[in-house]
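Reproduced below: entry_20.pdb, with PDB, C-alpha atoms.
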```
ATOM      1  CA  MET A   1      99.203-108.465 108.637
ATOM      2  CA  ARG A   2      98.249-105.656 106.254
ATOM      3  CA  CYS A   3     100.558-105.157 103.274
ATOM      4  CA  PRO A   4     102.344-101.764 103.454
ATOM      5  CA  PHE A   5     102.408-101.571  99.643
ATOM      6  CA  CYS A   6      98.859-102.376  98.521
ATOM      7  CA  GLY A   7      96.939-102.520 101.819
ATOM      8  CA  HIS A   8      95.717-106.102 101.322
ATOM      9  CA  GLU A   9      94.740-107.726 104.634
ATOM     10  CA  ASP A  10      96.506-111.080 104.244
ATOM     11  CA  SER A  11     100.175-111.925 104.046
ATOM     12  CA  GLN A  12     102.062-115.164 104.377
ATOM     13  CA  VAL A  13     105.044-115.657 106.711
ATOM     14  CA  LYS A  14     107.999-116.899 104.641
ATOM     15  CA  ASP A  15     110.680-116.935 107.347
ATOM     16  CA  SER A  16     110.862-116.387 111.128
ATOM     17  CA  ARG A  17     113.941-116.057 113.291
ATOM     18  CA  PRO A  18     114.957-114.341 116.527
ATOM     19  CA  THR A  19     116.813-111.044 116.338
ATOM     20  CA  GLU A  20     120.484-110.996 117.341
ATOM     21  CA  ASP A  21     119.690-109.873 120.889
ATOM     22  CA  GLY A  22     116.854-112.403 121.213
ATOM     23  CA  ALA A  23     114.367-109.719 122.287
ATOM     24  CA  ALA A  24     112.159-110.032 119.196
ATOM     25  CA  ILE A  25     111.119-112.298 116.350
ATOM     26  CA  ARG A  26     111.860-111.089 112.821
ATOM     27  CA  ARG A  27     109.353-112.280 110.229
ATOM     28  CA  ARG A  28     109.675-112.014 106.440
ATOM     29  CA  ARG A  29     106.232-111.824 104.896
ATOM     30  CA  GLN A  30     104.818-111.872 101.387
ATOM     31  CA  CYS A  31     101.556-110.211 100.391
ATOM     32  CA  GLU A  32      99.069-112.631  98.858
ATOM     33  CA  ALA A  33      97.708-109.942  96.512
ATOM     34  CA  CYS A  34     100.739-108.068  95.115
ATOM     35  CA  ALA A  35     103.511-110.536  96.097
ATOM     36  CA  ALA A  36     105.570-107.751  97.712
ATOM     37  CA  ARG A  37     107.853-108.840 100.560
ATOM     38  CA  PHE A  38     108.273-106.973 103.837
ATOM     39  CA  THR A  39     109.644-107.525 107.347
ATOM     40  CA  THR A  40     107.827-107.302 110.672
ATOM     41  CA  PHE A  41     109.101-107.611 114.242
ATOM     42  CA  GLU A  42     107.229-109.158 117.141
ATOM     43  CA  ARG A  43     108.208-108.164 120.700
ATOM     44  CA  ILE A  44     106.950-109.026 124.163
ATOM     45  CA  GLN A  45     105.017-106.212 125.753
ATOM     46  CA  LEU A  46     104.305-106.650 129.443
ATOM     47  CA  ARG A  47     102.040-103.631 129.781
ATOM     48  CA  GLU A  48     100.902-100.501 127.977
ATOM     49  CA  LEU A  49     103.098 -97.591 129.030
ATOM     50  CA  THR A  50     102.162 -93.928 128.990
ATOM     51  CA  VAL A  51     104.815 -91.214 129.118
ATOM     52  CA  LEU A  52     104.091 -88.242 131.377
ATOM     53  CA  LYS A  53     105.478 -85.178 129.639
ATOM     54  CA  SER A  54     105.756 -81.648 130.982
ATOM     55  CA  GLU A  55     102.545 -79.738 131.702
ATOM     56  CA  ASP A  56     100.700 -83.034 132.422
ATOM     57  CA  LYS A  57     100.668 -84.075 128.759
ATOM     58  CA  ARG A  58     100.495 -87.824 128.183
ATOM     59  CA  GLU A  59     101.465 -89.871 125.160
ATOM     60  CA  PRO A  60     101.903 -93.590 124.530
ATOM     61  CA  PHE A  61     105.419 -94.946 124.958
ATOM     62  CA  ASP A  62     107.027 -95.118 121.516
ATOM     63  CA  ARG A  63     109.943 -97.531 121.267
ATOM     64  CA  ASP A  64     110.857 -96.235 117.797
ATOM     65  CA  LYS A  65     111.105 -92.675 119.127
ATOM     66  CA  LEU A  66     113.556 -93.896 121.760
ATOM     67  CA  VAL A  67     115.607 -95.748 119.118
ATOM     68  CA  ARG A  68     115.697 -92.589 116.962
ATOM     69  CA  SER A  69     116.870 -90.323 119.798
ATOM     70  CA  ILE A  70     119.619 -92.757 120.811
ATOM     71  CA  SER A  71     120.610 -93.167 117.144
ATOM     72  CA  VAL A  72     121.012 -89.394 116.828
ATOM     73  CA  ALA A  73     123.257 -89.329 119.908
ATOM     74  CA  THR A  74     125.364 -92.237 118.610
ATOM     75  CA  ARG A  75     125.600 -91.011 115.006
ATOM     76  CA  LYS A  76     129.114 -91.452 113.581
ATOM     77  CA  ARG A  77     130.205 -93.212 116.770
ATOM     78  CA  PRO A  78     131.437 -96.812 117.118
ATOM     79  CA  VAL A  79     128.008 -97.979 118.295
ATOM     80  CA  ASN A  80     126.068-100.403 116.102
ATOM     81  CA  GLY A  81     122.371-101.091 115.694
ATOM     82  CA  VAL A  82     122.512-104.245 117.814
ATOM     83  CA  GLN A  83     123.948-102.281 120.751
ATOM     84  CA  ILE A  84     121.206 -99.660 120.384
ATOM     85  CA  GLU A  85     118.518-102.367 120.249
ATOM     86  CA  LYS A  86     119.930-104.017 123.384
ATOM     87  CA  LEU A  87     119.952-100.675 125.191
ATOM     88  CA  VAL A  88     116.385 -99.861 124.165
ATOM     89  CA  SER A  89     115.163-103.376 125.042
ATOM     90  CA  GLY A  90     116.787-103.082 128.457
ATOM     91  CA  ILE A  91     115.228 -99.682 129.090
ATOM     92  CA  GLN A  92     111.805-100.867 127.963
ATOM     93  CA  ARG A  93     112.077-103.968 130.170
ATOM     94  CA  GLN A  94     113.022-101.807 133.169
ATOM     95  CA  LEU A  95     110.064 -99.498 132.542
ATOM     96  CA  GLU A  96     107.613-102.379 132.167
ATOM     97  CA  THR A  97     108.799-104.102 135.335
ATOM     98  CA  MET A  98     108.592-100.944 137.468
ATOM     99  CA  GLY A  99     104.925-101.708 138.050
ATOM    100  CA  GLU A 100     103.768 -98.274 136.887
ATOM    101  CA  THR A 101     101.826 -97.664 133.698
ATOM    102  CA  GLU A 102     102.557 -93.928 133.663
ATOM    103  CA  ILE A 103     106.267 -93.118 133.465
ATOM    104  CA  PRO A 104     107.691 -89.573 133.745
ATOM    105  CA  SER A 105     109.762 -88.641 130.693
ATOM    106  CA  GLN A 106     112.569 -87.676 133.107
ATOM    107  CA  LYS A 107     112.833 -91.303 134.254
ATOM    108  CA  ILE A 108     113.237 -92.467 130.654
ATOM    109  CA  GLY A 109     115.905 -89.795 130.094
ATOM    110  CA  GLU A 110     117.791 -90.948 133.201
ATOM    111  CA  LEU A 111     117.744 -94.564 132.022
ATOM    112  CA  VAL A 112     119.031 -93.536 128.587
ATOM    113  CA  MET A 113     121.787 -91.483 130.226
ATOM    114  CA  GLN A 114     122.833 -94.476 132.365
ATOM    115  CA  GLY A 115     122.902 -96.737 129.326
ATOM    116  CA  LEU A 116     124.827 -94.321 127.116
ATOM    117  CA  LYS A 117     127.349 -93.592 129.855
ATOM    118  CA  GLY A 118     128.495 -97.203 129.713
ATOM    119  CA  LEU A 119     128.260 -97.401 125.929
ATOM    120  CA  ASP A 120     129.973 -94.279 124.560
ATOM    121  CA  SER A 121     131.012 -91.103 126.395
ATOM    122  CA  VAL A 122     130.554 -88.835 123.343
ATOM    123  CA  ALA A 123     127.022 -90.133 122.758
ATOM    124  CA  TYR A 124     126.388 -89.685 126.487
ATOM    125  CA  ILE A 125     127.415 -86.007 126.294
ATOM    126  CA  ARG A 126     125.410 -85.464 123.085
ATOM    127  CA  PHE A 127     122.261 -86.900 124.650
ATOM    128  CA  ALA A 128     122.860 -84.940 127.863
ATOM    129  CA  SER A 129     123.135 -81.695 125.898
ATOM    130  CA  VAL A 130     119.548 -82.097 124.734
ATOM    131  CA  TYR A 131     118.168 -83.820 127.842
ATOM    132  CA  LYS A 132     119.701 -81.277 130.250
ATOM    133  CA  ASP A 133     119.032 -78.395 127.835
ATOM    134  CA  PHE A 134     122.567 -76.984 127.599
ATOM    135  CA  ARG A 135     122.376 -73.293 126.665
ATOM    136  CA  GLU A 136     126.030 -72.262 126.476
ATOM    137  CA  ALA A 137     129.428 -73.750 125.671
ATOM    138  CA  LYS A 138     130.386 -73.644 129.369
ATOM    139  CA  ASP A 139     127.536 -76.097 130.068
ATOM    140  CA  PHE A 140     129.255 -78.591 127.745
ATOM    141  CA  GLU A 141     132.641 -77.910 129.317
ATOM    142  CA  GLU A 142     131.403 -78.486 132.868
ATOM    143  CA  PHE A 143     129.517 -81.657 131.963
ATOM    144  CA  ALA A 144     132.353 -83.076 129.837
ATOM    145  CA  GLY A 145     134.801 -82.256 132.651
ATOM    146  CA  ASN A 146     132.679 -84.255 135.085
ATOM    147  CA  VAL A 147     132.497 -87.174 132.642
ATOM    148  CA  THR A 148     136.282 -87.113 132.153
ATOM    149  CA  GLU A 149     136.939 -86.935 135.916
ATOM    150  CA  ALA A 150     134.558 -89.834 136.593
ATOM    151  CA  GLY A 151     136.235 -91.913 133.874
ATOM    152  CA  GLN A 152     139.694 -91.234 135.305
ATOM    153  CA  GLU A 153     138.570 -92.146 138.838
ATOM    154  CA  SER A 154     137.022 -95.426 137.709
ATOM    155  CA  GLY A 155     140.209 -96.227 135.792
ATOM    156  CA  LYS A 156     142.280 -95.859 138.989
ATOM    157  CA  GLN A 157     140.383 -98.534 140.885
TER     158      GLN A 157
END
```
Now, as a test, write the supplied structure out as structure tokens.
Amino acid sequence: MRCPFCGHEDSQVKDSRPTEDGAAIRRRRQCEACAARFTTFERIQLRELTVLKSEDKREPFDRDKLVRSISVATRKRPVNGVQIEKLVSGIQRQLETMGETEIPSQKIGELVMQGLKGLDSVAYIRFASVYKDFREAKDFEEFAGNVTEAGQESGKQ
């Protein structure tokens, strides 16, 4: 593994352990040239995924981009990094097991919405505001009203 500090090609693994959700291996490494320490993560990847964006644009699936967008939605909410990692791992696993290598960005957005709905209603509404492109305050009101009604109905059962 290339050192991020000096660019040297070789590093030595000092410690390996699974992440809290068990979806990856965390490795502490030390550069053989400059002795700097850094962390890498190793994850299972079933297949290469390509995201189909609007206007037929394609880009490689970027797990970190998904983590960042969910982190923005959950900012200052009672959602921790482990919960976000579990959500992202679950979404990625679903995408990889669909059997398709090209995934519409809308499908990814729907999966994130489903995951956030069960995790935190405020984060769900925040993500929806960007995903559904809310333009006016009434868009928030209508969506939040639907979320509140759905939550009350599920509480009655």
Quiz item: Which residues match the PyMOL selection byres ((chain A and resi 103) around 8) in the file above, as a ChimeraX atom specification?
Solution: /A:49-52,95,100-102,104-105,107-108
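With distances restricted to all atoms listed in the file, A:Ser121 is the closest residue to A:Val147 from A:Thr19, A:Gln83, A:Gln106, A:Ser121.
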Practice problem: Between A:Arg28, A:Thr97, A:Glu85, A:Lys14, single out the one closest to A:Arg43, counting only C-alpha atoms. | Solution: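 Looking at the shortest contact to A:Arg43, the residue is A:Glu85.
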Quiz prompt | Selection result of the PyMOL selection byres ((chain A and resi 123-125) around 9) on this file, as a PyMOL selection string | solution = chain A and resi 70+72-75+77+112-122+126-130+140+143-144+147
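Near A:Arg17, within 9 Å and counting only C-alpha atoms, sit A:Asp15, A:Thr19, A:Ala24, A:Ile25, A:Arg26, A:Arg27, not including residues fewer than 2 positions from it in the same chain.
With atom CA of A:Glu20 on one side and atom CA of A:Val82 on the other, the separation reads 7.1 Å.
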Quick one: stretch 93-112 of chain A with N, CA and C atoms, as a compact mmCIF listing (two decimals), in the coordinates of the input?
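The resulting file, result_12.txt, is reproduced below:
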```txt
# COMPACT_ATOMS: atom_id res chain seq x y z
N ARG A 93 112.31 -102.92 129.17
CA ARG A 93 112.08 -103.97 130.17
C ARG A 93 112.05 -103.37 131.57
N GLN A 94 112.99 -102.46 131.87
CA GLN A 94 113.02 -101.81 133.17
C GLN A 94 111.73 -101.02 133.42
N LEU A 95 111.28 -100.30 132.40
CA LEU A 95 110.06 -99.50 132.54
C LEU A 95 108.85 -100.38 132.78
N GLU A 96 108.77 -101.49 132.04
CA GLU A 96 107.61 -102.38 132.17
C GLU A 96 107.59 -103.11 133.50
N THR A 97 108.76 -103.36 134.08
CA THR A 97 108.80 -104.10 135.34
C THR A 97 108.74 -103.19 136.56
N MET A 98 108.69 -101.88 136.35
CA MET A 98 108.59 -100.94 137.47
C MET A 98 107.24 -101.04 138.16
N GLY A 99 106.25 -101.57 137.46
CA GLY A 99 104.92 -101.71 138.05
C GLY A 99 104.02 -100.52 137.79
N GLU A 100 104.56 -99.47 137.20
CA GLU A 100 103.77 -98.27 136.89
C GLU A 100 103.39 -98.29 135.41
N THR A 101 102.21 -97.78 135.11
CA THR A 101 101.83 -97.66 133.70
C THR A 101 102.10 -96.26 133.17
N GLU A 102 102.23 -95.30 134.06
CA GLU A 102 102.56 -93.93 133.66
C GLU A 102 103.97 -93.61 134.14
N ILE A 103 104.85 -93.32 133.19
CA ILE A 103 106.27 -93.12 133.46
C ILE A 103 106.64 -91.67 133.12
N PRO A 104 107.24 -90.94 134.07
CA PRO A 104 107.69 -89.57 133.74
C PRO A 104 108.79 -89.61 132.68
N SER A 105 108.75 -88.67 131.76
CA SER A 105 109.76 -88.64 130.69
C SER A 105 111.17 -88.49 131.29
N GLN A 106 111.27 -87.84 132.46
CA GLN A 106 112.57 -87.68 133.11
C GLN A 106 113.17 -89.03 133.47
N LYS A 107 112.35 -89.97 133.89
CA LYS A 107 112.83 -91.30 134.25
C LYS A 107 113.42 -92.00 133.03
N ILE A 108 112.74 -91.87 131.89
CA ILE A 108 113.24 -92.47 130.65
C ILE A 108 114.57 -91.83 130.28
N GLY A 109 114.66 -90.50 130.39
CA GLY A 109 115.90 -89.80 130.09
C GLY A 109 117.04 -90.26 130.99
N GLU A 110 116.76 -90.47 132.27
CA GLU A 110 117.79 -90.95 133.20
C GLU A 110 118.28 -92.34 132.81
N LEU A 111 117.36 -93.21 132.42
CA LEU A 111 117.74 -94.56 132.02
C LEU A 111 118.59 -94.54 130.75
N VAL A 112 118.24 -93.67 129.81
CA VAL A 112 119.03 -93.54 128.59
C VAL A 112 120.43 -93.02 128.93
```
